[in-house]
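Heads up, start-v1.csv below (CSV, C-alpha atoms and all ligand atoms):
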```
chain,number,residue,atom,x,y,z
A,1,MET,CA,134.3,-115.1,-22.9
A,2,ASN,CA,135.2,-114.7,-26.6
A,3,ARG,CA,133.1,-113.0,-29.3
A,4,ASN,CA,131.5,-116.3,-30.4
A,5,GLU,CA,130.5,-117.1,-26.8
A,6,ILE,CA,129.0,-113.6,-26.5
A,7,ILE,CA,127.0,-114.0,-29.7
A,8,GLU,CA,125.8,-117.4,-28.5
A,9,ARG,CA,124.4,-115.8,-25.4
A,10,LEU,CA,122.8,-112.9,-27.2
A,11,SER,CA,121.1,-115.4,-29.6
A,12,LEU,CA,119.4,-117.4,-26.9
A,13,SER,CA,115.6,-117.6,-27.2
A,14,GLU,CA,114.5,-120.7,-25.3
A,15,PRO,CA,112.8,-119.6,-22.0
A,16,ASP,CA,114.9,-122.1,-19.9
A,17,SER,CA,118.2,-121.0,-21.4
A,18,LEU,CA,117.2,-117.3,-20.9
A,19,ALA,CA,116.3,-117.9,-17.3
A,20,ALA,CA,119.6,-119.7,-16.7
A,21,LEU,CA,121.5,-116.8,-18.3
A,22,TYR,CA,119.8,-114.2,-16.1
A,23,ALA,CA,120.2,-116.3,-13.0
A,24,GLU,CA,123.9,-116.8,-13.7
A,25,ALA,CA,124.4,-113.0,-14.2
A,26,ASN,CA,122.5,-112.2,-11.0
A,27,GLU,CA,124.5,-114.7,-9.0
A,28,ILE,CA,127.8,-113.3,-10.3
A,29,LYS,CA,126.6,-109.8,-9.4
A,30,THR,CA,125.6,-110.9,-5.9
A,31,SER,CA,128.9,-112.8,-5.2
A,32,THR,CA,131.0,-109.9,-6.6
A,33,ILE,CA,129.4,-106.6,-5.6
A,34,GLY,CA,126.4,-107.8,-3.5
A,35,ASN,CA,122.6,-107.7,-3.9
A,36,LYS,CA,122.0,-104.0,-3.5
A,37,VAL,CA,120.4,-101.6,-5.9
A,38,TYR,CA,121.5,-98.0,-5.8
A,39,LEU,CA,119.1,-95.2,-6.6
A,40,ARG,CA,120.1,-92.1,-8.5
A,41,GLY,CA,117.5,-89.3,-8.8
A,42,LEU,CA,117.5,-88.3,-12.4
A,43,ILE,CA,117.1,-84.5,-13.0
A,44,GLU,CA,116.6,-83.5,-16.6
A,45,CYS,CA,117.9,-80.0,-16.2
A,46,SER,CA,117.6,-78.8,-19.8
A,47,ASN,CA,116.2,-80.0,-23.1
A,48,ILE,CA,118.1,-77.5,-25.1
A,49,CYS,CA,120.4,-79.3,-27.5
A,50,ASN,CA,122.7,-78.3,-30.3
A,51,LYS,CA,122.8,-81.7,-31.9
A,52,ASN,CA,120.5,-83.5,-34.3
A,53,CYS,CA,120.9,-87.2,-33.5
A,54,TYR,CA,118.4,-89.0,-35.9
A,55,TYR,CA,116.8,-91.0,-33.1
A,56,CYS,CA,116.2,-88.5,-30.3
A,57,GLY,CA,113.0,-86.6,-29.7
A,58,ILE,CA,114.7,-83.5,-28.3
A,59,ARG,CA,117.0,-83.1,-31.3
A,60,ARG,CA,117.6,-79.5,-32.3
A,61,ASP,CA,115.4,-79.6,-35.4
A,62,ASN,CA,112.3,-80.9,-33.6
A,63,GLN,CA,110.3,-77.7,-33.5
A,64,THR,CA,107.4,-79.2,-31.6
A,65,VAL,CA,109.4,-79.2,-28.3
A,66,SER,CA,109.3,-76.1,-26.1
A,67,ARG,CA,112.8,-75.6,-24.7
A,68,TYR,CA,113.6,-75.1,-21.0
A,69,LEU,CA,116.5,-74.7,-18.6
A,70,LEU,CA,115.5,-75.4,-15.0
A,71,SER,CA,116.2,-72.6,-12.5
A,72,ASP,CA,118.7,-73.3,-9.7
A,73,GLU,CA,115.7,-73.5,-7.3
A,74,GLU,CA,113.9,-76.1,-9.5
A,75,VAL,CA,117.0,-78.3,-9.6
A,76,LEU,CA,117.5,-77.9,-5.8
A,77,SER,CA,113.9,-78.8,-5.1
A,78,ALA,CA,114.4,-82.1,-7.1
A,79,VAL,CA,117.6,-82.7,-5.2
A,80,ASP,CA,115.8,-82.1,-2.0
A,81,PHE,CA,113.2,-84.8,-2.9
A,82,ALA,CA,116.0,-87.3,-3.7
A,83,TRP,CA,118.0,-86.5,-0.6
A,84,LYS,CA,115.0,-86.6,1.8
A,85,ASN,CA,114.0,-89.9,0.3
A,86,ARG,CA,117.5,-91.2,1.1
A,87,TYR,CA,118.7,-91.6,-2.5
A,88,GLY,CA,122.5,-91.6,-2.3
A,89,SER,CA,123.0,-89.8,-5.6
A,90,VAL,CA,121.5,-87.6,-8.3
A,91,VAL,CA,122.2,-87.5,-12.0
A,92,LEU,CA,122.1,-84.1,-13.9
A,93,GLN,CA,121.2,-84.8,-17.5
A,94,SER,CA,120.7,-82.4,-20.4
A,95,GLY,CA,120.8,-81.9,-24.1
A,96,GLU,CA,124.3,-81.0,-25.4
A,97,GLN,CA,125.2,-77.3,-25.1
A,98,GLN,CA,128.8,-76.0,-25.2
A,99,SER,CA,128.8,-72.5,-23.9
A,100,ALA,CA,130.3,-70.6,-21.1
A,101,HIS,CA,126.8,-69.9,-19.8
A,102,PHE,CA,125.9,-73.6,-19.6
A,103,THR,CA,129.3,-74.6,-18.2
A,104,ASN,CA,128.9,-72.0,-15.4
A,105,TYR,CA,125.3,-73.1,-14.8
A,106,ILE,CA,126.4,-76.7,-14.1
A,107,THR,CA,129.4,-75.6,-12.0
A,108,ARG,CA,127.1,-73.4,-9.9
A,109,LEU,CA,124.6,-76.3,-9.5
A,110,LEU,CA,127.3,-78.7,-8.4
A,111,HIS,CA,128.5,-76.3,-5.7
A,112,GLN,CA,125.0,-75.7,-4.5
A,113,ILE,CA,124.0,-79.4,-4.4
A,114,LYS,CA,127.2,-80.2,-2.4
A,115,GLU,CA,126.5,-77.4,0.0
A,116,TYR,CA,122.8,-78.0,0.4
A,117,THR,CA,123.2,-81.7,1.1
A,118,ASN,CA,126.4,-81.3,3.3
A,119,ASN,CA,128.2,-83.3,0.6
A,120,GLU,CA,126.0,-86.3,1.3
A,121,VAL,CA,124.7,-86.8,-2.2
A,122,GLY,CA,126.9,-88.2,-5.0
A,123,ILE,CA,126.6,-86.5,-8.4
A,124,THR,CA,126.7,-88.1,-11.8
A,125,LEU,CA,126.7,-85.9,-14.9
A,126,SER,CA,125.3,-86.7,-18.4
A,127,CYS,CA,125.6,-83.5,-20.3
A,128,GLY,CA,127.3,-84.7,-23.5
A,129,GLU,CA,130.6,-84.0,-25.2
A,130,GLN,CA,132.5,-81.1,-23.6
A,131,THR,CA,136.1,-79.9,-23.6
A,132,GLY,CA,138.7,-81.3,-21.2
A,133,ALA,CA,138.7,-78.0,-19.4
A,134,THR,CA,135.0,-78.2,-18.8
A,135,TYR,CA,135.2,-81.8,-17.6
A,136,LYS,CA,138.0,-80.7,-15.3
A,137,GLU,CA,136.0,-77.8,-13.9
A,138,TRP,CA,132.9,-79.9,-13.2
A,139,PHE,CA,135.0,-82.6,-11.6
A,140,LYS,CA,136.6,-80.0,-9.3
A,141,ALA,CA,133.1,-78.7,-8.5
A,142,GLY,CA,132.0,-82.1,-7.2
A,143,ALA,CA,130.9,-84.4,-10.0
A,144,HIS,CA,132.6,-87.8,-9.8
A,145,ARG,CA,130.8,-89.9,-12.3
A,146,TYR,CA,129.9,-89.2,-16.0
A,147,LEU,CA,127.7,-91.0,-18.5
A,148,LEU,CA,128.5,-90.6,-22.2
A,149,ARG,CA,127.1,-93.3,-24.3
A,150,ILE,CA,129.0,-94.2,-27.5
A,151,GLU,CA,125.5,-95.2,-28.8
A,152,THR,CA,127.1,-97.9,-31.0
A,153,SER,CA,130.7,-98.9,-31.2
A,154,ASN,CA,130.4,-99.5,-35.0
A,155,LYS,CA,131.4,-96.5,-37.0
A,156,VAL,CA,129.3,-97.3,-40.0
A,157,LEU,CA,126.2,-97.8,-37.9
A,158,TYR,CA,127.0,-94.6,-36.0
A,159,TYR,CA,126.7,-92.6,-39.1
A,160,LYS,CA,123.4,-94.1,-40.0
A,161,LEU,CA,122.2,-92.7,-36.6
A,162,HIS,CA,123.9,-89.3,-36.8
A,163,PRO,CA,124.6,-86.6,-39.4
A,164,ASN,CA,128.2,-87.0,-40.7
A,165,ASP,CA,129.6,-83.6,-39.6
A,166,ASP,CA,131.8,-82.0,-37.0
A,167,LYS,CA,129.1,-81.9,-34.3
A,168,HIS,CA,128.5,-85.6,-34.6
A,169,SER,CA,131.9,-87.1,-35.0
A,170,PHE,CA,132.4,-90.7,-33.8
A,171,ASP,CA,136.1,-90.1,-33.2
A,172,ASN,CA,135.3,-87.0,-31.1
A,173,ARG,CA,132.8,-88.9,-29.0
A,174,LEU,CA,135.4,-91.6,-28.4
A,175,ALA,CA,138.0,-89.0,-27.5
A,176,ALA,CA,135.6,-87.4,-25.0
A,177,ILE,CA,135.0,-90.7,-23.2
A,178,ARG,CA,138.8,-91.1,-22.9
A,179,GLN,CA,139.1,-87.6,-21.7
A,180,LEU,CA,136.7,-88.3,-18.8
A,181,ARG,CA,139.0,-91.0,-17.6
A,182,ILE,CA,142.0,-88.6,-17.7
A,183,GLU,CA,140.0,-86.1,-15.6
A,184,GLY,CA,139.4,-88.7,-12.9
A,185,TYR,CA,135.7,-89.5,-13.4
A,186,GLN,CA,134.2,-92.9,-13.0
A,187,VAL,CA,133.4,-93.4,-16.6
A,188,GLY,CA,130.1,-94.7,-17.9
A,189,THR,CA,129.1,-95.4,-21.5
A,190,GLY,CA,126.5,-97.5,-23.3
A,191,VAL,CA,124.6,-98.2,-26.4
A,192,MET,CA,121.0,-98.4,-27.7
A,193,ILE,CA,119.8,-101.9,-28.3
A,194,GLY,CA,117.5,-103.0,-31.1
A,195,LEU,CA,118.3,-100.1,-33.5
A,196,PRO,CA,117.4,-100.3,-37.1
A,197,PHE,CA,120.4,-101.9,-39.1
A,198,GLN,CA,121.9,-103.2,-35.8
A,199,THR,CA,122.9,-106.9,-35.7
A,200,VAL,CA,123.8,-109.2,-32.9
A,201,ASP,CA,127.4,-109.0,-34.1
A,202,HIS,CA,127.3,-105.3,-33.6
A,203,LEU,CA,126.0,-105.8,-30.0
A,204,ALA,CA,128.7,-108.4,-29.3
A,205,ASP,CA,131.3,-105.9,-30.4
A,206,ASP,CA,129.7,-103.2,-28.2
A,207,LEU,CA,130.2,-105.5,-25.2
A,208,LEU,CA,133.8,-106.1,-26.2
A,209,PHE,CA,134.3,-102.4,-26.7
A,210,PHE,CA,133.1,-101.8,-23.1
A,211,ARG,CA,135.7,-104.3,-21.9
A,212,SER,CA,138.5,-102.8,-24.0
A,213,MET,CA,137.7,-99.3,-22.6
A,214,ASP,CA,137.7,-100.7,-19.1
A,215,ILE,CA,134.6,-98.8,-18.2
A,216,ASP,CA,133.3,-98.4,-14.7
A,217,MET,CA,129.6,-98.0,-15.5
A,218,ALA,CA,127.2,-99.0,-18.3
A,219,GLY,CA,123.8,-97.6,-19.2
A,220,MET,CA,122.2,-99.5,-22.1
A,221,GLY,CA,118.6,-99.4,-23.1
A,222,PRO,CA,116.3,-100.4,-25.9
A,223,TYR,CA,116.0,-98.0,-28.8
A,224,LEU,CA,112.4,-96.6,-28.9
A,225,GLU,CA,111.1,-94.9,-31.9
A,226,HIS,CA,109.9,-91.2,-31.9
A,227,SER,CA,107.6,-90.0,-34.7
A,228,GLN,CA,109.3,-86.6,-34.9
A,229,THR,CA,112.7,-88.0,-35.8
A,230,PRO,CA,114.3,-89.1,-39.1
A,231,LEU,CA,114.9,-92.7,-37.8
A,232,TYR,CA,111.2,-93.2,-37.5
A,233,GLN,CA,111.0,-94.1,-41.2
A,234,PHE,CA,112.8,-97.3,-40.5
A,235,ARG,CA,110.5,-98.5,-37.8
A,236,HIS,CA,109.4,-101.5,-39.9
A,237,LEU,CA,113.0,-102.9,-39.3
A,238,LEU,CA,112.5,-103.0,-35.6
A,239,LEU,CA,112.1,-106.1,-33.4
A,240,PRO,CA,108.7,-106.3,-31.7
A,241,PRO,CA,108.7,-104.9,-28.2
A,242,ASP,CA,108.9,-108.2,-26.3
A,243,LYS,CA,111.9,-109.3,-28.4
A,244,ARG,CA,113.6,-105.9,-28.0
A,245,LEU,CA,113.1,-106.2,-24.2
A,246,GLU,CA,114.5,-109.7,-24.3
A,247,LEU,CA,117.6,-108.6,-26.3
A,248,ALA,CA,118.2,-105.7,-23.8
A,249,LEU,CA,118.0,-108.2,-20.9
A,250,LYS,CA,120.4,-110.5,-22.6
A,251,MET,CA,122.8,-107.6,-23.1
A,252,VAL,CA,122.7,-106.7,-19.4
A,253,ALA,CA,123.2,-110.3,-18.3
A,254,THR,CA,126.1,-110.9,-20.7
A,255,LEU,CA,127.8,-107.7,-19.8
A,256,ARG,CA,127.5,-108.7,-16.1
A,257,LEU,CA,129.3,-112.0,-16.9
A,258,LEU,CA,132.0,-110.1,-18.9
A,259,MET,CA,132.5,-107.3,-16.3
A,260,PRO,CA,131.4,-108.6,-12.9
A,261,ASP,CA,132.3,-105.5,-10.8
A,262,ILE,CA,131.0,-102.5,-12.8
A,263,ASN,CA,127.8,-100.6,-12.2
A,264,ILE,CA,125.1,-101.5,-14.7
A,265,ALA,CA,121.9,-99.4,-15.0
A,266,ALA,CA,118.4,-100.8,-15.4
A,267,THR,CA,117.3,-98.0,-17.7
A,268,THR,CA,113.9,-96.2,-17.9
A,269,ALA,CA,113.5,-97.2,-21.6
A,270,LEU,CA,113.0,-100.8,-20.3
A,271,GLN,CA,110.0,-99.7,-18.4
A,272,VAL,CA,108.3,-98.6,-21.7
A,273,LEU,CA,108.5,-102.1,-23.0
A,274,HIS,CA,107.3,-103.7,-19.7
A,275,PRO,CA,106.0,-102.0,-16.6
A,276,GLU,CA,108.5,-103.9,-14.6
A,277,GLY,CA,111.3,-103.9,-17.2
A,278,ARG,CA,113.8,-102.3,-14.8
A,279,GLU,CA,113.1,-104.8,-12.1
A,280,MET,CA,113.6,-107.6,-14.6
A,281,ALA,CA,117.0,-106.1,-15.6
A,282,VAL,CA,118.0,-106.0,-11.9
A,283,SER,CA,117.2,-109.7,-11.7
A,284,ALA,CA,119.4,-110.2,-14.8
A,285,GLY,CA,122.5,-108.4,-13.3
A,286,ALA,CA,121.8,-104.7,-13.2
A,287,ASN,CA,122.4,-102.8,-9.9
A,288,ILE,CA,121.5,-99.1,-10.6
A,289,ILE,CA,118.1,-97.5,-11.1
A,290,MET,CA,117.6,-93.8,-12.0
A,291,PRO,CA,114.1,-92.8,-11.0
A,292,ASN,CA,113.0,-89.5,-12.6
A,293,MET,CA,113.0,-86.5,-10.2
A,294,THR,CA,112.2,-83.9,-12.9
A,295,LEU,CA,109.2,-81.7,-11.9
A,296,PRO,CA,106.1,-83.0,-13.7
A,297,LYS,CA,105.5,-79.8,-15.6
A,298,PHE,CA,108.8,-80.2,-17.5
A,299,ARG,CA,108.5,-84.0,-18.2
A,300,PRO,CA,106.4,-83.7,-21.4
A,301,GLU,CA,109.2,-81.6,-22.9
A,302,TYR,CA,112.0,-84.2,-22.3
A,303,LEU,CA,110.5,-86.9,-24.4
A,304,ILE,CA,113.6,-88.5,-26.0
A,305,TYR,CA,111.2,-91.3,-27.1
A,306,GLU,CA,107.4,-91.5,-27.0
A,307,HIS,CA,105.4,-93.2,-24.3
A,308,LYS,CA,108.0,-92.3,-21.7
A,309,PRO,CA,106.7,-93.5,-18.4
A,310,GLY,CA,105.9,-91.2,-15.4
A,311,ILE,CA,104.7,-88.2,-17.4
A,312,ASN,CA,101.7,-87.9,-15.2
A,313,ASP,CA,103.1,-89.8,-12.3
A,314,ASP,CA,103.6,-88.2,-9.0
A,315,ALA,CA,107.2,-88.9,-8.0
A,316,ASP,CA,106.0,-90.1,-4.6
A,317,ILE,CA,103.8,-92.8,-6.1
A,318,SER,CA,106.2,-94.1,-8.7
A,319,LYS,CA,108.9,-94.2,-6.1
A,320,SER,CA,106.9,-96.3,-3.6
A,321,LYS,CA,105.8,-98.6,-6.4
A,322,LEU,CA,109.4,-99.3,-7.5
A,323,GLU,CA,110.6,-99.8,-3.9
A,324,GLN,CA,107.8,-102.2,-3.2
A,325,ASN,CA,108.6,-104.2,-6.3
A,326,LEU,CA,112.3,-104.4,-5.4
A,327,GLN,CA,111.4,-105.4,-1.9
A,328,ASN,CA,109.0,-108.1,-3.2
A,329,ALA,CA,111.9,-109.5,-5.3
A,330,GLY,CA,114.1,-109.7,-2.2
A,331,ILE,CA,116.4,-106.9,-3.4
A,332,ASP,CA,118.0,-104.5,-1.0
A,333,ILE,CA,118.2,-100.8,-1.7
A,334,GLY,CA,121.4,-99.0,-0.8
A,335,TYR,CA,119.8,-96.0,0.9
A,336,ASN,CA,122.0,-93.0,1.6
A,337,GLU,CA,125.0,-94.6,-0.2
A,338,TRP,CA,126.8,-93.3,-3.2
A,339,GLY,CA,127.1,-96.7,-4.7
A,340,ASP,CA,130.3,-96.0,-6.5
A,341,SER,CA,131.5,-98.5,-9.1
A,342,ARG,CA,133.5,-101.3,-7.4
A,343,HIS,CA,135.5,-101.6,-10.6
A,344,PHE,CA,136.7,-98.0,-9.9
A,345,THR,CA,137.1,-98.0,-6.1
A,346,GLY,CA,138.6,-101.6,-6.0
A,401,LIG,N1,122.7,-85.2,-24.6
A,401,LIG,C1,123.5,-86.1,-23.8
A,401,LIG,C2,124.0,-87.2,-24.7
A,401,LIG,O1,123.5,-87.4,-25.8
A,401,LIG,O2,125.0,-87.8,-24.3
A,401,LIG,C3,122.7,-86.7,-22.7
A,401,LIG,C4,121.2,-86.8,-22.8
A,401,LIG,S1,120.7,-87.9,-24.0
A,401,LIG,C5,118.9,-87.7,-24.0
A,401,LIG,C6,120.8,-89.5,-23.1
A,401,LIG,C7,120.7,-90.7,-24.0
A,401,LIG,O3,119.4,-90.9,-24.4
A,401,LIG,C8,121.5,-90.8,-25.2
A,401,LIG,O4,122.8,-91.2,-24.9
A,401,LIG,C9,120.7,-91.9,-26.0
A,401,LIG,O5,121.3,-93.2,-25.9
A,401,LIG,C10,119.4,-91.9,-25.3
A,401,LIG,N2,118.3,-91.8,-26.3
A,401,LIG,C11,118.0,-90.7,-27.1
A,401,LIG,N3,117.0,-91.0,-27.9
A,401,LIG,C12,116.6,-92.3,-27.7
A,401,LIG,C13,115.6,-93.1,-28.2
A,401,LIG,N4,114.8,-92.7,-29.2
A,401,LIG,N5,115.5,-94.4,-27.7
A,401,LIG,C14,116.3,-94.8,-26.7
A,401,LIG,N6,117.3,-94.0,-26.1
A,401,LIG,C15,117.4,-92.8,-26.6
A,402,LIG,FE1,120.9,-84.1,-28.0
A,402,LIG,FE2,121.7,-86.2,-26.5
A,402,LIG,FE3,119.4,-86.2,-27.9
A,402,LIG,FE4,121.7,-86.3,-29.3
A,402,LIG,S1,120.9,-87.9,-27.7
A,402,LIG,S2,119.9,-85.0,-29.8
A,402,LIG,S3,123.0,-85.0,-28.0
A,402,LIG,S4,119.9,-84.9,-26.2
```

Have the structure of the file written as structure tokens, please.
Amino acid sequence: MNRNEIIERLSLSEPDSLAALYAEANEIKTSTIGNKVYLRGLIECSNICNKNCYYCGIRRDNQTVSRYLLSDEEVLSAVDFAWKNRYGSVVLQSGEQQSAHFTNYITRLLHQIKEYTNNEVGITLSCGEQTGATYKEWFKAGAHRYLLRIETSNKVLYYKLHPNDDKHSFDNRLAAIRQLRIEGYQVGTGVMIGLPFQTVDHLADDLLFFRSMDIDMAGMGPYLEHSQTPLYQFRHLLLPPDKRLELALKMVATLRLLMPDINIAATTALQVLHPEGREMAVSAGANIIMPNMTLPKFRPEYLIYEHKPGINDDADISKSKLEQNLQNAGIDIGYNEWGDSRHFTG
């Protein structure tokens, strides 16, 4: 597929053409990697962040957030829930902190999770940009997948979304993604979709960027505005929610056509735009869902965007709703499986 053909797909709007695109992507997924969805229990272990991304609700300068770091016991209790419910994997996610204390914290957690679950649970990390030495240490301690979104592959747009300083360097972020590959991880990246100033051309280039980076996993979701962030002033430039959802689904489907054997997440942000947004993405080619395992009392403090679902949800209830919806759609769940990227494992 060349750039024009990608743009053509991302510009579809006729219901019949959209349905055909989603069906084609779903068919390619099924014939390449099968029909299964893998669940990863998402644990938001800390909202402490040194960065100031203009879009994110837990950015350093948002004083309205009360900051936390989960104790080892709190993380293990979330792991226990995921494991007992036969989720094959967990994801540890956090704001970005580069310190010996934080590095040790994650290393310790990785060892404990492996020991507690008899190495039955796979572990993905999403803890931002770190040094090669830190990535190496965490890989050795048992993490085998890492998600680090490039956010946008267009440098000019990147600096409309981030301060232009050492902490927010596009080149450093790109180098960190490359470093993850060197350290042996399954590498995941992604972008936000429907950002102010973003065009369909940018999104087509994002998909080509994923292919050129030969990524193993992708996590892309709609951008959602947060009133306590600088980017909120540009909300008049945003697509309406239904069109933003549609654009995100077109991105998922087109990426599946472009990279048939990678893991593609149906992200939580989709669920804000439609209660069954994640299930819709699965039907358009996604194969990973990351249900939130964070203890309810911490959830209101990890609002990267507003109206995040599950704030008052009991994990048990949201879990059974999701599984029921998937079953109703005839989709199998890969219980107790790590669900590694076929692109990586071959
Ligand atoms: N701090 C780490 C990092 O930035 O890579 C990991 C955690 S961060 C909260 C995970 C992702 O949340 C980011 O990569 C970004 O794409 C997404 N995110 C942040 N604010 C968002 C917003 N307002 N709408 C949609 N996604 C957002
Ligand atoms: Fe911090 Fe990640 Fe949010 Fe940026 S996106 S402010 S690095 S948590």

Nearest to Leu303 of chain A by atom-to-atom distance, counting all atoms listed in the file, from A:Val272, A:Lys160, A:Leu148, A:His226: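 Distance minimum relative to Leu303 of chain A lands on A:His226.
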
Computed interatomic separation between atom N3 of ligand LIG 401 (chain A) and atom CA of Gln130 of chain A (Å):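 If I compute the distance from atom N3 of ligand LIG 401 (chain A) to atom CA of Gln130 of chain A, I get 18.9 Å.
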
Exercise answer, 6 Å around ligand LIG 402 (chain A) with only C-alpha atoms and all ligand atoms, as a PyMOL selection string: chain A and resi 49+51-53+56+58-59+95-96

Surroundings of ligand LIG 401 (chain A) up to 8 Å, based on all atoms listed in the file, as a VMD selection string: chain A and resid 49 53 55 to 58 93 to 96 126 to 129 147 to 151 190 to 192 220 to 226 269 302 304 to 306

Within 10 Å of file point (136.3, -98.0, -21.5), counting all atoms listed in the file, expressed as a PyMOL selection string: chain A and resi 174+177-178+181+187-190+208-218

Residue contacts of segment 65-69 of chain A (8 Å, all atoms listed in the file) excluding same-chain residues fewer than 5 positions away, as a ChimeraX atom specification: /A:45-48,58,298,301
